[in-house]
$ cat start.cif   # mmCIF, C-alpha atoms
data_query
#
loop_
_atom_site.label_atom_id
_atom_site.label_comp_id
_atom_site.auth_asym_id
_atom_site.auth_seq_id
_atom_site.Cartn_x
_atom_site.Cartn_y
_atom_site.Cartn_z
CA MET X 11 2.77 -18.93 25.87
CA ASP X 12 2.22 -20.82 29.14
CA GLN X 13 5.42 -22.41 30.47
CA ILE X 14 4.03 -25.95 30.47
CA PHE X 15 7.37 -27.77 30.62
CA GLU X 16 7.92 -27.04 34.31
CA ASN X 17 5.18 -29.46 35.42
CA THR X 18 7.17 -32.37 36.83
CA ALA X 19 4.14 -34.19 38.25
CA THR X 20 2.88 -34.71 34.69
CA ALA X 21 6.36 -35.26 33.26
CA PHE X 22 7.25 -38.12 35.61
CA ALA X 23 3.80 -39.52 36.37
CA LEU X 24 4.77 -42.94 34.97
CA LYS X 25 7.99 -43.22 36.99
CA THR X 26 7.98 -45.03 40.30
CA ASP X 27 10.13 -43.56 43.09
CA SER X 28 12.87 -46.11 42.37
CA GLU X 29 12.80 -45.31 38.62
CA LEU X 30 13.04 -41.62 39.44
CA GLU X 31 16.05 -42.31 41.67
CA ARG X 32 17.69 -44.41 38.92
CA ALA X 33 17.19 -41.58 36.40
CA TYR X 34 18.69 -39.06 38.84
CA PHE X 35 21.68 -41.32 39.45
CA LEU X 36 22.24 -41.91 35.70
CA PHE X 37 22.15 -38.23 34.76
CA LYS X 38 24.51 -37.37 37.63
CA MET X 39 26.92 -39.92 36.15
CA ILE X 40 26.43 -38.58 32.61
CA ALA X 41 27.13 -35.04 33.85
CA ASN X 42 30.68 -36.16 34.66
CA GLU X 43 32.51 -36.16 31.30
CA PRO X 44 35.65 -38.08 32.40
CA LEU X 45 33.41 -40.68 34.04
CA VAL X 46 31.44 -41.12 30.79
CA ARG X 47 34.67 -41.60 28.82
CA ILE X 48 35.99 -44.17 31.31
CA GLY X 49 32.62 -45.91 31.61
CA SER X 50 32.27 -46.14 27.82
CA ALA X 51 35.74 -47.67 27.47
CA VAL X 52 35.16 -50.16 30.30
CA THR X 53 31.74 -51.14 28.94
CA ASN X 54 33.13 -51.64 25.43
CA PHE X 55 35.90 -53.82 26.85
CA ALA X 56 33.47 -55.86 28.97
CA ILE X 57 31.15 -56.47 26.01
CA LYS X 58 34.00 -57.47 23.66
CA ALA X 59 35.53 -59.71 26.33
CA HIS X 60 32.10 -61.34 26.85
CA LEU X 61 32.15 -60.53 30.55
CA PRO X 62 28.81 -61.11 32.34
CA VAL X 63 27.72 -57.47 32.52
CA GLU X 64 24.42 -57.63 30.65
CA GLY X 65 22.34 -57.88 33.82
CA LEU X 66 23.90 -54.73 35.28
CA ILE X 67 23.54 -52.82 31.97
CA ARG X 68 19.95 -53.99 31.57
CA ALA X 69 19.00 -52.85 35.08
CA THR X 70 20.51 -49.37 34.67
CA VAL X 71 21.29 -47.56 31.43
CA PHE X 72 19.49 -49.99 29.06
CA ASP X 73 16.14 -49.88 30.83
CA HIS X 74 16.33 -46.10 31.10
CA PHE X 75 17.03 -45.42 27.40
CA CYS X 76 15.55 -48.54 25.71
CA GLY X 77 12.15 -50.20 25.53
CA GLY X 78 13.30 -53.82 25.57
CA VAL X 79 15.20 -56.51 23.70
CA ASN X 80 12.44 -57.13 21.13
CA GLU X 81 9.07 -55.74 20.02
CA GLN X 82 7.02 -57.80 22.46
CA ASP X 83 9.29 -56.75 25.31
CA CYS X 84 8.46 -53.11 24.49
CA LEU X 85 4.67 -53.60 24.56
CA PRO X 86 3.92 -52.88 28.25
CA LEU X 87 5.86 -49.61 28.04
CA ILE X 88 4.22 -48.64 24.72
CA GLU X 89 0.76 -49.20 26.22
CA LYS X 90 1.62 -47.41 29.47
CA MET X 91 2.89 -44.31 27.65
CA HIS X 92 -0.05 -44.32 25.26
CA GLN X 93 -2.45 -44.11 28.20
CA LYS X 94 -0.84 -40.71 28.88
CA GLY X 95 -1.17 -39.71 25.22
CA VAL X 96 2.47 -40.33 24.26
CA SER X 97 2.99 -42.59 21.23
CA SER X 98 6.09 -44.63 20.39
CA VAL X 99 8.37 -45.03 17.37
CA LEU X 100 9.98 -48.45 17.56
CA ASP X 101 13.64 -48.03 16.62
CA TYR X 102 15.71 -51.19 16.10
CA SER X 103 18.96 -49.61 17.31
CA VAL X 104 21.57 -52.18 16.31
CA GLU X 105 24.45 -50.26 14.68
CA GLY X 106 27.66 -50.99 12.82
CA LYS X 107 26.61 -54.04 10.79
CA ASP X 108 28.20 -53.94 7.32
CA VAL X 109 27.58 -57.24 5.52
CA GLU X 110 24.84 -58.39 3.17
CA ASN X 111 23.17 -60.90 5.46
CA GLN X 112 22.88 -58.17 8.14
CA PHE X 113 21.27 -55.80 5.62
CA ASP X 114 18.78 -58.54 4.76
CA PHE X 115 18.14 -59.11 8.46
CA ALA X 116 17.55 -55.37 9.03
CA TYR X 117 15.16 -55.29 6.08
CA GLU X 118 13.22 -58.27 7.43
CA LYS X 119 13.16 -56.67 10.89
CA ILE X 120 11.61 -53.45 9.52
CA MET X 121 9.02 -55.48 7.60
CA GLU X 122 8.14 -57.25 10.88
CA ILE X 123 7.92 -53.92 12.70
CA LEU X 124 5.51 -52.61 10.05
CA ASN X 125 3.20 -55.54 10.81
CA PHE X 126 3.55 -54.85 14.51
CA VAL X 127 2.93 -51.11 14.07
CA LYS X 128 -0.25 -51.69 12.08
CA GLU X 129 -1.67 -53.93 14.82
CA LYS X 130 -0.87 -51.66 17.76
CA GLU X 131 -2.46 -48.36 18.59
CA GLY X 132 0.09 -45.89 19.86
CA ILE X 133 2.81 -46.59 17.23
CA PRO X 134 2.20 -44.03 14.48
CA TYR X 135 5.53 -44.45 12.64
CA ALA X 136 8.14 -47.01 11.66
CA VAL X 137 11.79 -45.94 11.20
CA PHE X 138 15.10 -47.07 9.72
CA LYS X 139 18.53 -45.67 8.75
CA PRO X 140 19.71 -45.83 5.11
CA THR X 141 22.88 -47.65 6.18
CA ALA X 142 20.74 -50.37 7.77
CA PHE X 143 20.01 -51.46 4.17
CA GLY X 144 23.43 -51.04 2.54
CA ARG X 145 27.08 -50.11 2.91
CA PHE X 146 27.98 -46.52 3.70
CA ALA X 147 30.70 -46.61 1.01
CA ILE X 148 28.16 -47.30 -1.75
CA TYR X 149 26.05 -44.28 -0.81
CA GLN X 150 29.22 -42.18 -0.64
CA LYS X 151 30.48 -43.35 -4.04
CA ILE X 152 27.15 -42.59 -5.71
CA GLY X 153 26.91 -39.19 -3.99
CA GLU X 154 30.38 -38.33 -5.30
CA GLY X 155 29.32 -39.28 -8.85
CA LYS X 156 31.84 -42.10 -9.16
CA THR X 157 31.28 -45.06 -11.48
CA LEU X 158 30.22 -48.26 -9.75
CA THR X 159 31.65 -51.66 -10.62
CA GLU X 160 29.26 -54.32 -11.88
CA ALA X 161 29.21 -55.91 -8.41
CA GLU X 162 28.52 -52.52 -6.82
CA ASN X 163 25.70 -51.84 -9.29
CA GLN X 164 24.09 -55.11 -8.21
CA GLU X 165 24.64 -54.17 -4.57
CA TRP X 166 23.00 -50.76 -5.10
CA GLN X 167 20.04 -52.41 -6.82
CA ARG X 168 19.57 -54.61 -3.75
CA ILE X 169 19.51 -51.45 -1.59
CA ILE X 170 16.91 -49.87 -3.90
CA ASN X 171 14.82 -53.05 -3.71
CA ARG X 172 14.91 -53.05 0.10
CA PHE X 173 13.85 -49.41 0.20
CA ASP X 174 11.10 -49.96 -2.33
CA LYS X 175 9.60 -53.03 -0.67
CA VAL X 176 9.54 -51.36 2.76
CA CYS X 177 8.06 -48.12 1.40
CA LYS X 178 5.46 -50.03 -0.62
CA LYS X 179 4.43 -52.02 2.42
CA ALA X 180 4.20 -48.83 4.52
CA HIS X 181 2.04 -47.28 1.80
CA ASP X 182 -0.21 -50.34 1.49
CA MET X 183 -0.65 -50.48 5.28
CA ASP X 184 -1.05 -46.69 5.61
CA VAL X 185 1.82 -46.45 8.13
CA ALA X 186 4.14 -43.42 8.02
CA LEU X 187 7.83 -44.25 7.63
CA LEU X 188 10.68 -42.10 9.00
CA ILE X 189 14.06 -42.48 7.26
CA ASP X 190 16.84 -41.12 9.43
CA GLY X 191 19.59 -38.76 8.27
CA GLU X 192 23.29 -39.63 8.38
CA GLU X 193 26.66 -38.05 7.49
CA SER X 194 26.64 -35.43 4.72
CA TRP X 195 29.09 -37.28 2.48
CA MET X 196 26.64 -40.15 2.02
CA GLN X 197 23.41 -38.19 2.37
CA ASP X 198 23.08 -36.99 -1.26
CA ALA X 199 22.59 -40.56 -2.49
CA ALA X 200 20.17 -41.32 0.36
CA ASP X 201 18.21 -38.11 -0.33
CA SER X 202 17.85 -39.00 -4.00
CA LEU X 203 16.64 -42.50 -3.17
CA VAL X 204 14.14 -41.23 -0.56
CA GLU X 205 12.85 -38.64 -3.05
CA ASP X 206 12.18 -41.43 -5.55
CA MET X 207 10.16 -43.22 -2.87
CA MET X 208 8.20 -40.02 -2.10
CA VAL X 209 7.33 -39.53 -5.78
CA LYS X 210 6.14 -43.12 -5.92
CA TYR X 211 4.32 -43.55 -2.60
CA ASN X 212 3.35 -40.06 -1.38
CA LYS X 213 0.77 -39.28 -4.05
CA GLU X 214 -2.24 -39.09 -1.70
CA LYS X 215 -0.56 -38.29 1.63
CA PRO X 216 2.89 -38.21 3.26
CA ILE X 217 3.94 -41.81 3.95
CA VAL X 218 7.71 -41.63 3.35
CA PHE X 219 9.55 -39.06 5.51
CA ASN X 220 13.12 -37.92 4.96
CA THR X 221 15.21 -36.21 7.67
CA LEU X 222 16.47 -32.61 7.58
CA GLN X 223 19.51 -32.06 9.80
CA MET X 224 19.35 -28.31 10.30
CA TYR X 225 22.90 -27.88 11.62
CA ARG X 226 23.70 -28.04 7.89
CA TRP X 227 23.49 -24.54 6.37
CA ASP X 228 22.30 -25.90 2.98
CA ARG X 229 19.16 -27.65 4.20
CA MET X 230 16.73 -24.72 3.84
CA ASP X 231 17.56 -24.54 0.13
CA TYR X 232 17.07 -28.29 -0.14
CA LEU X 233 13.67 -28.04 1.60
CA LYS X 234 12.48 -25.28 -0.74
CA LYS X 235 13.69 -27.07 -3.89
CA LEU X 236 11.99 -30.31 -2.91
CA HIS X 237 8.79 -28.41 -2.10
CA GLN X 238 8.85 -26.90 -5.60
CA LYS X 239 9.43 -30.33 -7.15
CA ALA X 240 6.53 -31.78 -5.12
CA LYS X 241 4.18 -29.07 -6.38
CA GLU X 242 5.28 -29.61 -9.99
CA GLU X 243 5.11 -33.42 -9.87
CA ASN X 244 2.11 -33.66 -7.56
CA PHE X 245 3.34 -35.59 -4.56
CA LYS X 246 3.48 -34.94 -0.80
CA ILE X 247 6.55 -34.55 1.41
CA GLY X 248 7.21 -35.81 4.91
CA PHE X 249 10.11 -34.37 6.90
CA LYS X 250 11.53 -35.18 10.28
CA VAL X 251 13.35 -31.98 11.26
CA VAL X 252 16.24 -32.27 13.73
CA ARG X 253 19.35 -30.27 14.57
CA GLY X 254 21.79 -33.11 13.81
CA ALA X 255 23.95 -35.79 15.36
CA TYR X 256 27.35 -35.86 13.63
CA MET X 257 28.76 -32.35 14.16
CA GLU X 258 32.26 -33.20 15.38
CA LYS X 259 32.67 -35.85 12.70
CA GLU X 260 31.47 -33.42 10.00
CA ASN X 261 33.81 -30.61 11.08
CA ASP X 262 36.81 -32.94 11.48
CA ARG X 263 36.36 -34.45 8.02
CA ALA X 264 35.93 -31.03 6.37
CA GLU X 265 39.14 -29.80 8.00
CA GLU X 266 41.04 -32.98 7.12
CA LYS X 267 39.99 -32.93 3.46
CA GLY X 268 40.13 -29.17 3.03
CA TYR X 269 36.56 -28.32 2.07
CA PRO X 270 34.14 -25.86 3.73
CA THR X 271 32.28 -27.43 6.63
CA PRO X 272 28.61 -28.15 5.92
CA ILE X 273 27.80 -27.21 9.53
CA CYS X 274 26.36 -23.82 10.51
CA GLU X 275 28.90 -21.36 11.93
CA SER X 276 27.33 -21.30 15.41
CA LYS X 277 24.72 -22.82 17.69
CA LYS X 278 22.65 -19.65 17.20
CA ALA X 279 22.75 -20.09 13.41
CA THR X 280 21.67 -23.72 13.79
CA ASP X 281 18.77 -22.73 16.05
CA GLU X 282 17.65 -20.08 13.57
CA ASN X 283 17.94 -22.56 10.70
CA PHE X 284 15.86 -25.11 12.62
CA ASP X 285 13.15 -22.57 13.43
CA ALA X 286 13.10 -21.33 9.81
CA ALA X 287 12.46 -24.88 8.57
CA ILE X 288 9.65 -25.39 11.08
CA GLU X 289 8.02 -22.10 10.10
CA TYR X 290 8.30 -22.85 6.38
CA ILE X 291 6.71 -26.29 6.79
CA VAL X 292 3.85 -24.98 8.96
CA GLU X 293 3.08 -22.47 6.22
CA HIS X 294 2.92 -25.27 3.62
CA LEU X 295 1.10 -28.08 5.43
CA ASP X 296 -0.97 -28.67 2.28
CA VAL X 297 2.13 -30.35 0.79
CA ILE X 298 4.52 -31.03 3.69
CA ALA X 299 3.99 -32.99 6.93
CA LEU X 300 6.23 -32.38 9.95
CA PHE X 301 7.81 -34.57 12.62
CA SER X 302 9.68 -32.07 14.82
CA GLY X 303 12.40 -34.06 16.59
CA THR X 304 13.85 -31.83 19.27
CA HIS X 305 14.72 -31.63 22.98
CA ASN X 306 14.92 -27.84 22.75
CA GLU X 307 12.09 -26.32 24.76
CA LEU X 308 12.23 -22.97 22.96
CA SER X 309 11.80 -24.70 19.61
CA CYS X 310 8.78 -26.57 20.95
CA TYR X 311 7.23 -23.33 22.20
CA LYS X 312 7.98 -21.77 18.80
CA LEU X 313 6.08 -24.54 17.00
CA MET X 314 3.18 -24.30 19.47
CA GLU X 315 2.99 -20.54 18.82
CA LEU X 316 3.06 -21.07 15.04
CA MET X 317 0.21 -23.56 15.34
CA ASP X 318 -1.85 -21.04 17.37
CA LYS X 319 -1.03 -18.20 14.97
CA ASN X 320 -2.15 -20.29 11.97
CA SER X 321 -5.24 -21.72 13.77
CA ILE X 322 -3.92 -25.27 13.53
CA ALA X 323 -5.48 -27.81 15.89
CA HIS X 324 -3.19 -29.30 18.54
CA ASN X 325 -3.85 -32.78 17.16
CA ASP X 326 -3.48 -31.92 13.46
CA PRO X 327 -2.26 -35.18 11.86
CA ASN X 328 0.43 -33.37 9.85
CA ILE X 329 2.34 -32.11 12.90
CA TRP X 330 4.07 -34.36 15.45
CA PHE X 331 6.57 -33.58 18.20
CA GLY X 332 9.23 -36.20 18.95
CA GLN X 333 11.81 -36.89 21.68
CA LEU X 334 14.02 -39.82 22.60
CA TYR X 335 12.86 -42.24 25.27
CA GLY X 336 14.65 -41.56 28.56
CA MET X 337 15.04 -37.85 27.90
CA SER X 338 12.90 -34.67 28.07
CA ASP X 339 9.85 -36.29 29.64
CA ASN X 340 8.88 -32.77 30.73
CA ILE X 341 8.39 -31.91 27.04
CA SER X 342 6.76 -35.14 25.84
CA PHE X 343 4.22 -35.73 28.59
CA ASN X 344 3.25 -32.09 29.05
CA LEU X 345 2.70 -31.67 25.31
CA ALA X 346 0.54 -34.79 25.32
CA ALA X 347 -1.43 -33.49 28.32
CA HIS X 348 -2.24 -30.40 26.24
CA GLY X 349 -3.51 -32.47 23.31
CA TYR X 350 -0.52 -32.31 20.95
CA ASN X 351 0.67 -35.30 18.89
CA VAL X 352 3.82 -36.63 20.59
CA ALA X 353 5.96 -39.71 20.01
CA LYS X 354 8.98 -41.06 21.81
CA TYR X 355 11.73 -42.78 19.79
CA LEU X 356 11.86 -46.14 21.58
CA PRO X 357 15.12 -48.00 20.87
CA PHE X 358 15.18 -51.78 21.25
CA GLY X 359 17.40 -54.75 20.47
CA PRO X 360 19.71 -57.26 22.19
CA VAL X 361 21.59 -55.61 25.05
CA ARG X 362 25.06 -56.23 23.61
CA ASP X 363 24.10 -55.06 20.12
CA VAL X 364 22.46 -51.85 21.39
CA MET X 365 25.47 -50.79 23.50
CA PRO X 366 27.08 -48.63 20.75
CA TYR X 367 23.80 -46.68 20.59
CA LEU X 368 23.69 -46.29 24.40
CA ILE X 369 27.30 -45.14 24.60
CA ARG X 370 26.60 -42.55 21.89
CA ARG X 371 23.54 -41.36 23.87
CA ALA X 372 25.65 -40.86 26.99
CA GLU X 373 28.41 -39.05 25.07
CA GLU X 374 25.90 -36.78 23.30
CA ASN X 375 24.25 -35.87 26.61
CA THR X 376 27.66 -35.00 28.02
CA SER X 377 28.53 -32.78 25.05
CA VAL X 378 25.18 -30.96 24.72
CA SER X 379 25.48 -27.92 26.93
CA GLY X 380 22.64 -27.65 29.41
CA GLN X 381 20.76 -30.84 28.49
CA THR X 382 21.98 -32.97 31.39
CA THR X 383 21.76 -30.03 33.82
CA ARG X 384 18.14 -29.49 32.79
CA GLU X 385 17.30 -33.17 33.31
CA LEU X 386 18.87 -33.13 36.76
CA THR X 387 17.04 -29.92 37.76
CA LEU X 388 13.67 -31.39 36.83
CA LEU X 389 14.38 -34.74 38.49
CA LYS X 390 15.50 -32.96 41.65
CA LYS X 391 12.33 -30.85 41.60
CA GLU X 392 10.16 -33.96 41.34
CA ARG X 393 12.11 -35.74 44.11
CA THR X 394 11.43 -32.72 46.33
CA ARG X 395 7.74 -32.69 45.38
CA ARG X 396 7.46 -36.38 46.29
CA LYS X 397 9.57 -35.85 49.42
CA ILE X 398 11.96 -38.62 48.38
#

$ encode --input "start.cif" --output "structure tokens"
Amino acid sequence: MDQIFENTATAFALKTDSELERAYFLFKMIANEPLVRIGSAVTNFAIKAHLPVEGLIRATVFDHFCGGVNEQDCLPLIEKMHQKGVSSVLDYSVEGKDVENQFDFAYEKIMEILNFVKEKEGIPYAVFKPTAFGRFAIYQKIGEGKTLTEAENQEWQRIINRFDKVCKKAHDMDVALLIDGEESWMQDAADSLVEDMMVKYNKEKPIVFNTLQMYRWDRMDYLKKLHQKAKEENFKIGFKVVRGAYMEKENDRAEEKGYPTPICESKKATDENFDAAIEYIVEHLDVIALFSGTHNELSCYKLMELMDKNSIAHNDPNIWFGQLYGMSDNISFNLAAHGYNVAKYLPFGPVRDVMPYLIRRAEENTSVSGQTTRELTLLKKERTRRKI
């Protein structure tokens, strides 16, 4: 397999010299773990104290990792990336809201995004998190098999209604819908609800996509069982396959409560689990569609090789590669240049409201061994090529 991810001219073609320098500066900061911890604390304090820091945040970390403050603000970037063959997944990245009017607002926001997606070429998916539509504790209680109060039953029905209306609209508009994965102790209830939506709206093609977090050792069994159910009940499956985003939280809770961790025993086991899921889906594309969400270059090469081995076209509509905006441009833009379907997750929202997301991004980059180093190596290579 040709090593296509080394081509920095293609990877950073859309970045001006000043944007390249900003990216290099940001990743040098992120590489310093104590600095990230201090910066996160200071930023949180400044936001809560309503200090005038939005301009500085907007000009640095926000503009690197986010598309804008609203859908319209994201449009120039969406169109610019699409000219290079890279699509966008608009992700309203406001986190931590836990009251009914905020769930209604999130629901209305996703309905608006669906309208926007349908009108714009270059936005193949819409996306939301289950907890955008309802309280974490309700999902957890249902997953644990506990009895809901009358008020909680009504609350759960409102969550089901939000899911159903969004999935129905996605189906009617023929827009694929990614539903993100969350912590394992609420995920059973979310999985069950998403499955109900698949049975209902994925009869002709995959519209509703669930998320498989493959750092969980039980997810291959779940994939195979759902595949069997889909064959028996005659519906299609969509899966976004990722490694996972809550590892420390998962391990800490398992230790605290005295149950076996749901996380694979090692990074190697997680990688093997991820690749096994990709291979299984590629072998069953008649029923399952794939959105491979990864920044791991070896996993991307693995999927490319599987596509070649199975004579699958680079632009087969049932296989998409995905990365986050602001990261792994060497993967996204080089894949697109070779004709593969690629989409960047493009977060947006008011600067203050998106800060928890941005802080998490910085902390994750710091903790993922090699990711920040790789970004810096590529940026340095392109700076040298441009003689900056």

$ residues_around --input "start.cif" --residues "X:Tyr225" --least-positions-apart "4" --cutoff "7 Å" --atoms "all atoms listed in the file" --output "PDB file with C-alpha atoms, in the frame of the given file"
ATOM      1  CA  ARG X 253      19.350 -30.270  14.570  1.00  0.00           C
ATOM      2  CA  GLY X 254      21.790 -33.110  13.810  1.00  0.00           C
ATOM      3  CA  ILE X 273      27.800 -27.210   9.530  1.00  0.00           C
ATOM      4  CA  CYS X 274      26.360 -23.820  10.510  1.00  0.00           C
ATOM      5  CA  THR X 280      21.670 -23.720  13.790  1.00  0.00           C
TER       6      THR X 280
END

$ atom_distance --input "start.cif" --atom1 "atom CA of X:Ser338" --atom2 "atom CA of X:Glu289"
22.5 Å

$ residues_around --input "start.cif" --residues "X:Lys38" --least-positions-apart "2" --cutoff "10 Å" --atoms "only C-alpha atoms" --output "ChimeraX atom specification"
/X:32-36,40-42,382-383,385-386

$ resolve_selection --input "start.cif" --expression "the PyMOL selection byres ((chain X and resi 350) around 9)" --output "count of residues only"
17

$ atom_distance --input "start.cif" --atom1 "atom CA of X:Thr26" --atom2 "atom CA of X:Ser309"
29.3 Å

$ resolve_selection --input "start.cif" --expression "the PyMOL selection byres ((chain X and resi 387-394) around 10)" --output "PyMOL selection string"
chain X and resi 15-23+27+30-31+33-35+37+338-340+382-386+395-398

$ atom_distance --input "start.cif" --atom1 "atom CA of X:Asn244" --atom2 "atom CA of X:Tyr232"
17.5 Å

$ resolve_selection --input "start.cif" --expression "the PyMOL selection byres ((chain X and resi 191) around 12)" --output "PDB file with C-alpha atoms, in the frame of the given file"
ATOM      1  CA  VAL X 137      11.790 -45.940  11.200  1.00  0.00           C
ATOM      2  CA  PHE X 138      15.100 -47.070   9.720  1.00  0.00           C
ATOM      3  CA  LYS X 139      18.530 -45.670   8.750  1.00  0.00           C
ATOM      4  CA  PRO X 140      19.710 -45.830   5.110  1.00  0.00           C
ATOM      5  CA  THR X 141      22.880 -47.650   6.180  1.00  0.00           C
ATOM      6  CA  ALA X 142      20.740 -50.370   7.770  1.00  0.00           C
ATOM      7  CA  LEU X 188      10.680 -42.100   9.000  1.00  0.00           C
ATOM      8  CA  ILE X 189      14.060 -42.480   7.260  1.00  0.00           C
ATOM      9  CA  ASP X 190      16.840 -41.120   9.430  1.00  0.00           C
ATOM     10  CA  GLU X 192      23.290 -39.630   8.380  1.00  0.00           C
ATOM     11  CA  GLU X 193      26.660 -38.050   7.490  1.00  0.00           C
ATOM     12  CA  SER X 194      26.640 -35.430   4.720  1.00  0.00           C
ATOM     13  CA  TRP X 195      29.090 -37.280   2.480  1.00  0.00           C
ATOM     14  CA  MET X 196      26.640 -40.150   2.020  1.00  0.00           C
ATOM     15  CA  GLN X 197      23.410 -38.190   2.370  1.00  0.00           C
ATOM     16  CA  ASP X 198      23.080 -36.990  -1.260  1.00  0.00           C
ATOM     17  CA  ALA X 199      22.590 -40.560  -2.490  1.00  0.00           C
ATOM     18  CA  ALA X 200      20.170 -41.320   0.360  1.00  0.00           C
ATOM     19  CA  ASP X 201      18.210 -38.110  -0.330  1.00  0.00           C
ATOM     20  CA  VAL X 204      14.140 -41.230  -0.560  1.00  0.00           C
ATOM     21  CA  PHE X 219       9.550 -39.060   5.510  1.00  0.00           C
ATOM     22  CA  ASN X 220      13.120 -37.920   4.960  1.00  0.00           C
ATOM     23  CA  THR X 221      15.210 -36.210   7.670  1.00  0.00           C
ATOM     24  CA  LEU X 222      16.470 -32.610   7.580  1.00  0.00           C
ATOM     25  CA  GLN X 223      19.510 -32.060   9.800  1.00  0.00           C
ATOM     26  CA  MET X 224      19.350 -28.310  10.300  1.00  0.00           C
ATOM     27  CA  TYR X 225      22.900 -27.880  11.620  1.00  0.00           C
ATOM     28  CA  ARG X 226      23.700 -28.040   7.890  1.00  0.00           C
ATOM     29  CA  ARG X 229      19.160 -27.650   4.200  1.00  0.00           C
ATOM     30  CA  PHE X 249      10.110 -34.370   6.900  1.00  0.00           C
ATOM     31  CA  LYS X 250      11.530 -35.180  10.280  1.00  0.00           C
ATOM     32  CA  VAL X 251      13.350 -31.980  11.260  1.00  0.00           C
ATOM     33  CA  VAL X 252      16.240 -32.270  13.730  1.00  0.00           C
ATOM     34  CA  ARG X 253      19.350 -30.270  14.570  1.00  0.00           C
ATOM     35  CA  GLY X 254      21.790 -33.110  13.810  1.00  0.00           C
ATOM     36  CA  ALA X 255      23.950 -35.790  15.360  1.00  0.00           C
ATOM     37  CA  TYR X 256      27.350 -35.860  13.630  1.00  0.00           C
ATOM     38  CA  GLY X 303      12.400 -34.060  16.590  1.00  0.00           C
TER      39      GLY X 303
END

$ closest_residue --input "start.cif" --among "X:Lys267, X:Asn283, X:Lys246, X:Glu315" --to "X:Asp228" --atoms "all atoms listed in the file"
X:Asn283

$ closest_atom_pairs --input "start.cif" --of "stretch 195-305 of chain X" --to "stretch 157-171 of chain X" --cutoff "10 Å" --atoms "only C-alpha atoms" --output "tab-separated table"
residue	atom	partner	partner_atom	distance
X:Leu203	CA	X:Ile170	CA	7.4
X:Val204	CA	X:Ile170	CA	9.7
X:Asp206	CA	X:Ile170	CA	9.8
X:Met207	CA	X:Ile170	CA	9.5

$ closest_residue --input "start.cif" --among "X:Phe358, X:Glu131, X:Phe143, X:Met365" --to "X:Tyr102" --atoms "all atoms listed in the file"
X:Phe358

$ closest_residue --input "start.cif" --among "X:Asn306, X:Gln238, X:Gly336, X:Ser342" --to "X:Gln381" --atoms "all atoms listed in the file"
X:Asn306

$ residues_around --input "start.cif" --residues "X:Leu313" --least-positions-apart "4" --cutoff "9 Å" --atoms "all atoms listed in the file" --output "PyMOL selection string"
chain X and resi 285+288-289+292+302+308-309+317-318

$ closest_residue --input "start.cif" --among "X:Asp184, X:Glu118, X:Glu282, X:Asp363" --to "X:Ser103" --atoms "all atoms listed in the file"
X:Asp363

$ closest_residue --input "start.cif" --among "X:Tyr355, X:Tyr117, X:His294, X:Arg362" --to "X:Gly65" --atoms "only C-alpha atoms"
X:Arg362

$ residues_near_point --input "start.cif" --point "(18.3, -53.8, 20.5)" --cutoff "10 Å" --atoms "only C-alpha atoms" --output "list of chain:residue names"
X:Phe72, X:Cys76, X:Gly77, X:Gly78, X:Val79, X:Asn80, X:Glu81, X:Asp101, X:Tyr102, X:Ser103, X:Val104, X:Glu105, X:Pro357, X:Phe358, X:Gly359, X:Pro360, X:Val361, X:Arg362, X:Asp363, X:Val364, X:Met365, X:Tyr367

$ closest_residue --input "start.cif" --among "X:Leu66, X:Val218, X:Glu260, X:Leu100" --to "X:Val176" --atoms "only C-alpha atoms"
X:Val218
